[in-house]
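Source file: data.txt. Holds: compact mmCIF, C-alpha atoms and all ligand atoms.
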# COMPACT_ATOMS: atom_id res chain seq x y z
CA MET A 1 57.47 35.72 95.85
CA VAL A 2 58.09 39.30 96.98
CA ALA A 3 61.65 39.82 98.21
CA ASP A 4 62.87 43.03 99.84
CA ILE A 5 65.11 44.16 102.68
CA GLU A 6 62.10 46.16 104.00
CA GLU A 7 59.73 43.46 105.24
CA THR A 8 56.84 45.87 105.90
CA ALA A 9 56.98 47.16 102.31
CA ALA A 10 57.08 43.59 100.99
CA LEU A 11 54.08 42.63 103.16
CA ALA A 12 52.13 45.59 101.74
CA VAL A 13 52.77 44.32 98.19
CA VAL A 14 51.70 40.81 99.20
CA ALA A 15 48.48 42.26 100.66
CA GLU A 16 47.83 44.21 97.44
CA ILE A 17 48.31 41.06 95.34
CA GLY A 18 45.90 39.23 97.68
CA GLU A 19 43.27 41.97 97.27
CA GLU A 20 43.49 41.51 93.48
CA GLY A 21 42.83 37.78 93.85
CA GLY A 22 46.41 36.55 93.57
CA SER A 23 48.59 34.88 96.14
CA ALA A 24 52.10 35.82 97.17
CA GLU A 25 54.64 35.29 99.92
CA VAL A 26 57.41 37.40 101.38
CA VAL A 27 61.05 36.33 101.15
CA ALA A 28 63.36 38.23 103.53
CA LEU A 29 66.31 39.25 101.36
CA ASP A 30 69.22 41.62 101.58
CA VAL A 31 70.51 41.31 98.01
CA THR A 32 74.07 42.06 99.17
CA ASP A 33 74.10 38.97 101.41
CA GLU A 34 74.88 35.69 99.64
CA ASP A 35 73.55 33.62 102.56
CA ASP A 36 70.16 35.35 102.18
CA TRP A 37 70.09 34.42 98.49
CA ILE A 38 70.95 30.79 99.26
CA ALA A 39 68.34 30.49 102.03
CA GLY A 40 65.70 32.45 100.09
CA LEU A 41 65.96 30.55 96.82
CA ASP A 42 66.43 27.13 98.45
CA GLY A 43 63.25 27.90 100.43
CA VAL A 44 61.35 28.66 97.22
CA ILE A 45 62.46 25.35 95.70
CA GLU A 46 61.50 23.44 98.88
CA ARG A 47 58.03 25.00 99.01
CA HIS A 48 57.18 25.29 95.31
CA GLY A 49 59.45 22.83 93.48
CA ARG A 50 60.94 25.25 90.96
CA LEU A 51 61.67 28.87 90.08
CA ASP A 52 60.62 30.09 86.61
CA ILE A 53 61.31 33.83 86.71
CA LEU A 54 63.71 36.02 88.70
CA VAL A 55 63.61 39.83 88.54
CA ASN A 56 66.65 41.58 90.01
CA ASN A 57 65.03 44.91 90.85
CA ALA A 58 66.59 46.19 94.11
CA GLY A 59 68.58 49.34 93.49
CA THR A 60 69.85 52.50 95.13
CA LEU A 61 71.45 55.81 94.27
CA ALA A 62 71.62 57.14 97.84
CA GLY A 63 74.80 59.12 98.50
CA ASP A 64 75.84 59.32 94.85
CA GLY A 65 77.46 62.42 93.33
CA THR A 66 79.80 63.64 90.65
CA ILE A 67 83.21 61.98 90.40
CA GLU A 68 84.59 64.92 92.43
CA ASP A 69 82.12 64.48 95.32
CA LEU A 70 81.86 60.69 95.39
CA THR A 71 83.21 58.81 98.43
CA VAL A 72 84.58 55.28 98.29
CA ASP A 73 81.94 54.27 100.86
CA ALA A 74 79.10 55.48 98.63
CA TRP A 75 80.67 53.82 95.56
CA ARG A 76 80.88 50.49 97.42
CA ARG A 77 77.37 50.75 98.89
CA ILE A 78 75.77 51.54 95.53
CA HIS A 79 77.75 48.82 93.75
CA GLY A 80 76.96 46.41 96.62
CA VAL A 81 73.22 46.66 95.94
CA ASN A 82 73.06 47.37 92.20
CA ALA A 83 75.96 45.35 90.77
CA GLU A 84 76.90 42.76 93.40
CA GLY A 85 73.26 42.15 94.38
CA THR A 86 72.36 41.49 90.74
CA MET A 87 75.41 39.25 90.31
CA LEU A 88 74.37 37.17 93.35
CA GLY A 89 70.80 37.00 92.07
CA CYS A 90 72.00 35.73 88.70
CA LYS A 91 74.44 33.27 90.25
CA HIS A 92 71.90 31.64 92.54
CA GLY A 93 69.05 32.08 90.08
CA VAL A 94 71.00 30.06 87.51
CA ARG A 95 71.86 27.47 90.19
CA VAL A 96 68.22 26.74 91.00
CA MET A 97 66.82 27.26 87.47
CA LYS A 98 69.27 25.28 85.39
CA ALA A 99 67.48 21.96 85.75
CA GLY A 100 64.25 23.32 84.23
CA GLY A 101 65.07 26.63 82.51
CA GLY A 102 63.64 30.07 83.13
CA SER A 103 63.96 33.79 82.61
CA ILE A 104 66.09 36.29 84.52
CA VAL A 105 65.31 40.00 84.12
CA ASN A 106 67.81 42.52 85.47
CA ILE A 107 66.67 46.09 86.07
CA SER A 108 69.41 48.40 84.84
CA SER A 109 68.63 52.00 83.79
CA ILE A 110 69.24 54.36 80.88
CA ALA A 111 72.10 55.39 83.22
CA GLY A 112 73.70 52.09 82.18
CA ILE A 113 73.73 53.31 78.56
CA VAL A 114 74.17 57.10 78.72
CA GLY A 115 76.01 59.10 81.38
CA ALA A 116 74.60 61.39 84.07
CA PRO A 117 77.23 63.72 85.58
CA GLN A 118 75.79 63.68 89.13
CA LEU A 119 75.40 59.89 89.30
CA ALA A 120 78.93 58.53 88.86
CA ALA A 121 78.53 55.36 90.94
CA TYR A 122 74.95 54.69 89.79
CA CYS A 123 75.95 54.93 86.11
CA ALA A 124 78.94 52.63 86.65
CA SER A 125 76.87 50.08 88.57
CA LYS A 126 74.05 50.06 85.99
CA GLY A 127 76.60 49.66 83.18
CA ALA A 128 77.88 46.64 85.12
CA VAL A 129 74.34 45.21 85.24
CA ARG A 130 73.98 45.68 81.48
CA MET A 131 77.15 43.75 80.62
CA LEU A 132 76.74 41.14 83.37
CA THR A 133 73.37 40.34 81.77
CA LYS A 134 74.98 39.59 78.41
CA SER A 135 77.65 37.38 79.98
CA VAL A 136 75.02 35.39 81.93
CA ALA A 137 72.88 35.07 78.78
CA LEU A 138 75.78 33.70 76.73
CA HIS A 139 76.89 31.28 79.46
CA CYS A 140 73.38 29.87 79.87
CA ALA A 141 72.94 29.57 76.08
CA ARG A 142 76.25 27.76 75.69
CA LYS A 143 75.39 25.36 78.51
CA GLY A 144 71.92 24.70 77.08
CA TYR A 145 70.23 25.53 80.40
CA GLY A 146 67.13 27.03 78.78
CA ILE A 147 67.63 30.18 80.86
CA ARG A 148 67.28 33.56 79.14
CA CYS A 149 68.75 36.70 80.74
CA ASN A 150 67.88 40.26 79.66
CA SER A 151 68.13 43.80 81.02
CA VAL A 152 65.52 46.56 81.22
CA HIS A 153 66.56 50.22 81.04
CA PRO A 154 63.96 52.67 82.40
CA SER A 155 64.33 56.44 82.43
CA TYR A 156 63.02 58.45 85.39
CA THR A 157 60.01 56.53 86.71
CA ASP A 158 57.39 57.68 89.20
CA THR A 159 58.47 55.67 92.26
CA PRO A 160 59.63 56.50 95.82
CA MET A 161 63.22 56.71 94.45
CA VAL A 162 62.27 59.72 92.31
CA ASP A 163 59.99 61.15 95.07
CA ARG A 164 62.99 61.20 97.43
CA MET A 165 65.22 62.81 94.80
CA VAL A 166 62.60 65.50 94.03
CA ALA A 167 61.91 66.18 97.73
CA ALA A 168 65.62 66.66 98.45
CA HIS A 169 66.01 69.27 95.69
CA ARG A 170 66.03 73.00 96.50
CA ASP A 171 63.19 73.53 94.00
CA PRO A 172 61.18 70.25 93.91
CA ASP A 173 58.48 71.48 91.50
CA ARG A 174 61.06 72.68 88.99
CA LEU A 175 63.02 69.43 89.18
CA ARG A 176 59.88 67.32 88.70
CA ALA A 177 58.82 69.42 85.69
CA GLY A 178 62.37 69.12 84.31
CA LEU A 179 62.32 65.31 84.65
CA GLU A 180 58.94 65.14 82.91
CA GLY A 181 60.08 67.47 80.14
CA ALA A 182 63.29 65.50 79.56
CA SER A 183 61.28 62.72 77.92
CA PRO A 184 60.07 63.21 74.33
CA LEU A 185 56.75 61.68 75.46
CA GLY A 186 56.51 64.47 78.05
CA ARG A 187 56.03 62.47 81.23
CA LEU A 188 57.78 60.31 83.77
CA GLY A 189 57.66 56.57 83.27
CA ALA A 190 55.00 54.74 85.31
CA PRO A 191 55.89 51.59 87.26
CA ALA A 192 53.38 49.77 84.99
CA ASP A 193 55.42 50.79 81.90
CA VAL A 194 58.44 49.00 83.34
CA ALA A 195 56.39 46.05 84.62
CA ALA A 196 55.00 45.48 81.10
CA ALA A 197 58.53 45.22 79.69
CA VAL A 198 59.51 42.81 82.46
CA LEU A 199 56.41 40.68 81.82
CA TYR A 200 57.28 40.45 78.13
CA LEU A 201 60.86 39.36 78.83
CA ALA A 202 59.65 36.88 81.46
CA SER A 203 57.10 35.35 79.10
CA ASP A 204 57.40 32.79 76.30
CA ASP A 205 56.68 35.63 73.83
CA ALA A 206 60.36 36.45 74.37
CA ALA A 207 61.50 32.84 73.78
CA PHE A 208 64.19 33.96 71.27
CA VAL A 209 65.27 37.06 73.24
CA THR A 210 68.38 36.76 75.42
CA GLY A 211 71.24 39.10 76.22
CA ALA A 212 69.06 42.00 75.02
CA GLU A 213 68.63 45.45 76.53
CA LEU A 214 65.05 46.75 76.46
CA VAL A 215 64.85 50.54 76.80
CA VAL A 216 61.66 51.91 78.45
CA ASP A 217 62.35 55.64 78.37
CA GLY A 218 59.72 57.58 76.43
CA GLY A 219 62.33 58.23 73.75
CA VAL A 220 65.02 59.80 75.97
CA THR A 221 67.92 57.82 74.50
CA ALA A 222 66.61 58.24 70.94
CA THR A 223 67.58 61.91 71.01
N1 LIG B 301 62.70 55.21 89.57
C1 LIG B 301 63.49 55.48 88.54
O1 LIG B 301 63.49 56.59 88.00
C2 LIG B 301 64.38 54.41 87.97
C3 LIG B 301 64.94 54.63 86.69
C4 LIG B 301 65.77 53.65 86.15
C5 LIG B 301 66.02 52.49 86.86
N2 LIG B 301 65.47 52.32 88.10
C6 LIG B 301 65.78 51.08 88.79
O2 LIG B 301 64.58 50.39 89.06
C7 LIG B 301 64.75 49.57 90.22
C8 LIG B 301 63.61 49.85 91.18
O3 LIG B 301 63.77 51.21 91.61
P1 LIG B 301 62.60 52.07 92.28
O4 LIG B 301 62.54 53.33 91.52
O5 LIG B 301 61.38 51.25 92.50
O6 LIG B 301 63.34 52.41 93.66
P2 LIG B 301 62.78 52.43 95.14
O7 LIG B 301 63.83 53.08 95.97
O8 LIG B 301 61.43 53.03 95.11
O9 LIG B 301 62.68 50.89 95.47
C9 LIG B 301 63.87 50.13 95.60
C10 LIG B 301 63.54 48.90 96.42
O10 LIG B 301 64.75 48.16 96.59
C11 LIG B 301 64.80 47.72 97.93
N3 LIG B 301 66.18 47.49 98.34
C12 LIG B 301 67.16 48.42 98.47
N4 LIG B 301 68.29 47.83 98.91
C13 LIG B 301 68.01 46.51 99.05
C14 LIG B 301 68.77 45.40 99.46
N5 LIG B 301 70.05 45.52 99.85
N6 LIG B 301 68.18 44.19 99.45
C15 LIG B 301 66.88 44.04 99.08
N7 LIG B 301 66.10 45.07 98.69
C16 LIG B 301 66.67 46.29 98.67
C17 LIG B 301 64.16 48.86 98.71
O11 LIG B 301 63.76 48.46 100.03
C18 LIG B 301 63.00 49.25 97.83
O12 LIG B 301 61.84 48.48 98.08
C19 LIG B 301 66.14 49.91 90.78
O13 LIG B 301 67.07 48.97 90.32
C20 LIG B 301 66.43 51.27 90.15
O14 LIG B 301 67.81 51.54 90.07
C21 LIG B 301 64.65 53.24 88.66
As structure tokens, what does this structure read like?
Amino acid sequence: MVADIEETAALAVVAEIGEEGGSAEVVALDVTDEDDWIAGLDGVIERHGRLDILVNNAGTLAGDGTIEDLTVDAWRRIHGVNAEGTMLGCKHGVRVMKAGGGSIVNISSIAGIVGAPQLAAYCASKGAVRMLTKSVALHCARKGYGIRCNSVHPSYTDTPMVDRMVAAHRDPDRLRAGLEGASPLGRLGAPADVAAAVLYLASDDAAFVTGAELVVDGGVTAT
């Protein structure tokens, strides 16, 4: 199930999965809208009987700034997607998974562990995702639902989010080189690096892993 607010982008992913021999469907979802979550997840249960894995991946840093530049509107918009969207995903994910168990993976960031001066709202929202994850994990463990919940913390990863950030900079080549050089492994993360971490946490190989934070950052936070 491929869920996104941008239906065309979601359809492109579904087509790609089809070309590789898989099958997928689009779920229209604005993660900030609780009614969308209810309709989307109830639809999955009606059509497929159960939900095993939920990845809360939608995120934004648009309009962020330092604490001196940040507007309340930008703070609320960024928290709406990153923190509230993930909260709603966990809430309704647990609701539909608790009969049979499952795995919830929340995409935070290294910005949820270490600060970045120009990303005040993003850092705060990703810190919220990190601690929400632990609370959900402990609740599900205590209730015996068989649901694990973990967070993944990528550093700068080669996606459209970084492309937009680089393109908006006064010296895009310098910024891109700076982002690559910031990692001890000397490159940006690849989407596949993050996907591999998500797959591990989603799988039974991680049967005893819950409430954990998995850093995928080429060593950035080790320094
Ligand atoms: N790219 C990075 O460097 C990086 C680093 C650390 C963490 N992350 C996190 O990884 C996740 C994926 O980011 P990305 O780099 O692929 O970003 P991206 O901007 O390329 O993709 C984000 C996706 O989220 C969707 N989205 C945004 N708002 C939504 C909403 N309200 N409802 C449903 N979907 C919505 C967008 O349409 C888009 O498809 C995000 O949570 C991001 O914060 C990214």
| Distance of CA of Glu6 (chain A) from atom C15 of ligand LIG 301 (chain B), expressed in Å to one decimal place | 7.2 Å
| task | Using only C-alpha atoms and all ligand atoms, find the one residue out of A:Ala190, A:Val81, A:Ala39, A:Leu175 that sits nearest to ligand LIG 301 (chain B). | result |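 When distances to ligand LIG 301 (chain B) are compared using only C-alpha atoms and all ligand atoms, the smallest one comes from A:Val81.
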| message | Could you list, as a ChimeraX atom specification, all residues that come within 6 Å of ligand LIG 301 (chain B)? Count only C-alpha atoms and all ligand atoms. | response | /A:4-6,29-32,57-60,81,107-109,154-162
Export C-alpha atoms of the chosen residues as a PDB file, in the coordinates of the input?
ATOM      1  CA  ASP A   4      62.870  43.030  99.840  1.00  0.00           C
ATOM      2  CA  ILE A   5      65.110  44.160 102.680  1.00  0.00           C
ATOM      3  CA  GLU A   6      62.100  46.160 104.000  1.00  0.00           C
ATOM      4  CA  LEU A  29      66.310  39.250 101.360  1.00  0.00           C
ATOM      5  CA  ASP A  30      69.220  41.620 101.580  1.00  0.00           C
ATOM      6  CA  VAL A  31      70.510  41.310  98.010  1.00  0.00           C
ATOM      7  CA  THR A  32      74.070  42.060  99.170  1.00  0.00           C
ATOM      8  CA  ASN A  57      65.030  44.910  90.850  1.00  0.00           C
ATOM      9  CA  ALA A  58      66.590  46.190  94.110  1.00  0.00           C
ATOM     10  CA  GLY A  59      68.580  49.340  93.490  1.00  0.00           C
ATOM     11  CA  THR A  60      69.850  52.500  95.130  1.00  0.00           C
ATOM     12  CA  VAL A  81      73.220  46.660  95.940  1.00  0.00           C
ATOM     13  CA  ILE A 107      66.670  46.090  86.070  1.00  0.00           C
ATOM     14  CA  SER A 108      69.410  48.400  84.840  1.00  0.00           C
ATOM     15  CA  SER A 109      68.630  52.000  83.790  1.00  0.00           C
ATOM     16  CA  PRO A 154      63.960  52.670  82.400  1.00  0.00           C
ATOM     17  CA  SER A 155      64.330  56.440  82.430  1.00  0.00           C
ATOM     18  CA  TYR A 156      63.020  58.450  85.390  1.00  0.00           C
ATOM     19  CA  THR A 157      60.010  56.530  86.710  1.00  0.00           C
ATOM     20  CA  ASP A 158      57.390  57.680  89.200  1.00  0.00           C
ATOM     21  CA  THR A 159      58.470  55.670  92.260  1.00  0.00           C
ATOM     22  CA  PRO A 160      59.630  56.500  95.820  1.00  0.00           C
ATOM     23  CA  MET A 161      63.220  56.710  94.450  1.00  0.00           C
ATOM     24  CA  VAL A 162      62.270  59.720  92.310  1.00  0.00           C
TER      25      VAL A 162
END
| task | Find the spatial neighbours of Ala124 (chain A), counting only C-alpha atoms, within a cut-off of 9 Å - ignore same-chain residues fewer than 6 positions away - and output them as number ranges by chain. | result | A: 79, 83, 111-112, 115
| field | Given all atoms listed in the file as the counted atoms, nearest of A:Ile104, A:Leu54, A:Glu34, A:Ala121 to Gly85 (chain A) | value |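 Smallest distance to Gly85 (chain A) is found for A:Glu34.
Reported to one decimal place, the separation of CA of Gly178 (chain A) from CA of Glu68 (chain A) is 24.0 Å.
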| CA of Met1 (chain A) and CA of Ser23 (chain A), how far apart in Å? | 8.9 Å
| said: Using all atoms listed in the file for the distances, tell me which of A:Ala196, A:Ala62, A:Leu70, A:Cys90 is nearest to Val215 (chain A). | reply: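 Closest candidate: A:Ala196.
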| said: Env of Ile110 (chain A): 12 Å cut, atoms = all atoms listed in the file, seq-sep filter 5 positions within chain, self excluded. Answer as a list in words. | reply: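 Those residues are Gly115, Ala116, Leu119, Tyr122, Cys123, Ala124, Ser125, Lys126, Gly127, Val129, Arg130, Ser151, Val152, His153, Pro154, Ser155, Tyr156, Thr157, Ser183, Glu213, Leu214, Val215, Val216, Asp217, Gly218, Gly219, Val220, Thr221 and Ala222 of chain A.
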Write a file of the selected residues as a PDB file, keeping the file's coordinate frame, keeping C-alpha atoms.
ATOM      1  CA  GLY A 115      76.010  59.100  81.380  1.00  0.00           C
ATOM      2  CA  ALA A 116      74.600  61.390  84.070  1.00  0.00           C
ATOM      3  CA  LEU A 119      75.400  59.890  89.300  1.00  0.00           C
ATOM      4  CA  TYR A 122      74.950  54.690  89.790  1.00  0.00           C
ATOM      5  CA  CYS A 123      75.950  54.930  86.110  1.00  0.00           C
ATOM      6  CA  ALA A 124      78.940  52.630  86.650  1.00  0.00           C
ATOM      7  CA  SER A 125      76.870  50.080  88.570  1.00  0.00           C
ATOM      8  CA  LYS A 126      74.050  50.060  85.990  1.00  0.00           C
ATOM      9  CA  GLY A 127      76.600  49.660  83.180  1.00  0.00           C
ATOM     10  CA  VAL A 129      74.340  45.210  85.240  1.00  0.00           C
ATOM     11  CA  ARG A 130      73.980  45.680  81.480  1.00  0.00           C
ATOM     12  CA  SER A 151      68.130  43.800  81.020  1.00  0.00           C
ATOM     13  CA  VAL A 152      65.520  46.560  81.220  1.00  0.00           C
ATOM     14  CA  HIS A 153      66.560  50.220  81.040  1.00  0.00           C
ATOM     15  CA  PRO A 154      63.960  52.670  82.400  1.00  0.00           C
ATOM     16  CA  SER A 155      64.330  56.440  82.430  1.00  0.00           C
ATOM     17  CA  TYR A 156      63.020  58.450  85.390  1.00  0.00           C
ATOM     18  CA  THR A 157      60.010  56.530  86.710  1.00  0.00           C
ATOM     19  CA  SER A 183      61.280  62.720  77.920  1.00  0.00           C
ATOM     20  CA  GLU A 213      68.630  45.450  76.530  1.00  0.00           C
ATOM     21  CA  LEU A 214      65.050  46.750  76.460  1.00  0.00           C
ATOM     22  CA  VAL A 215      64.850  50.540  76.800  1.00  0.00           C
ATOM     23  CA  VAL A 216      61.660  51.910  78.450  1.00  0.00           C
ATOM     24  CA  ASP A 217      62.350  55.640  78.370  1.00  0.00           C
ATOM     25  CA  GLY A 218      59.720  57.580  76.430  1.00  0.00           C
ATOM     26  CA  GLY A 219      62.330  58.230  73.750  1.00  0.00           C
ATOM     27  CA  VAL A 220      65.020  59.800  75.970  1.00  0.00           C
ATOM     28  CA  THR A 221      67.920  57.820  74.500  1.00  0.00           C
ATOM     29  CA  ALA A 222      66.610  58.240  70.940  1.00  0.00           C
TER      30      ALA A 222
END
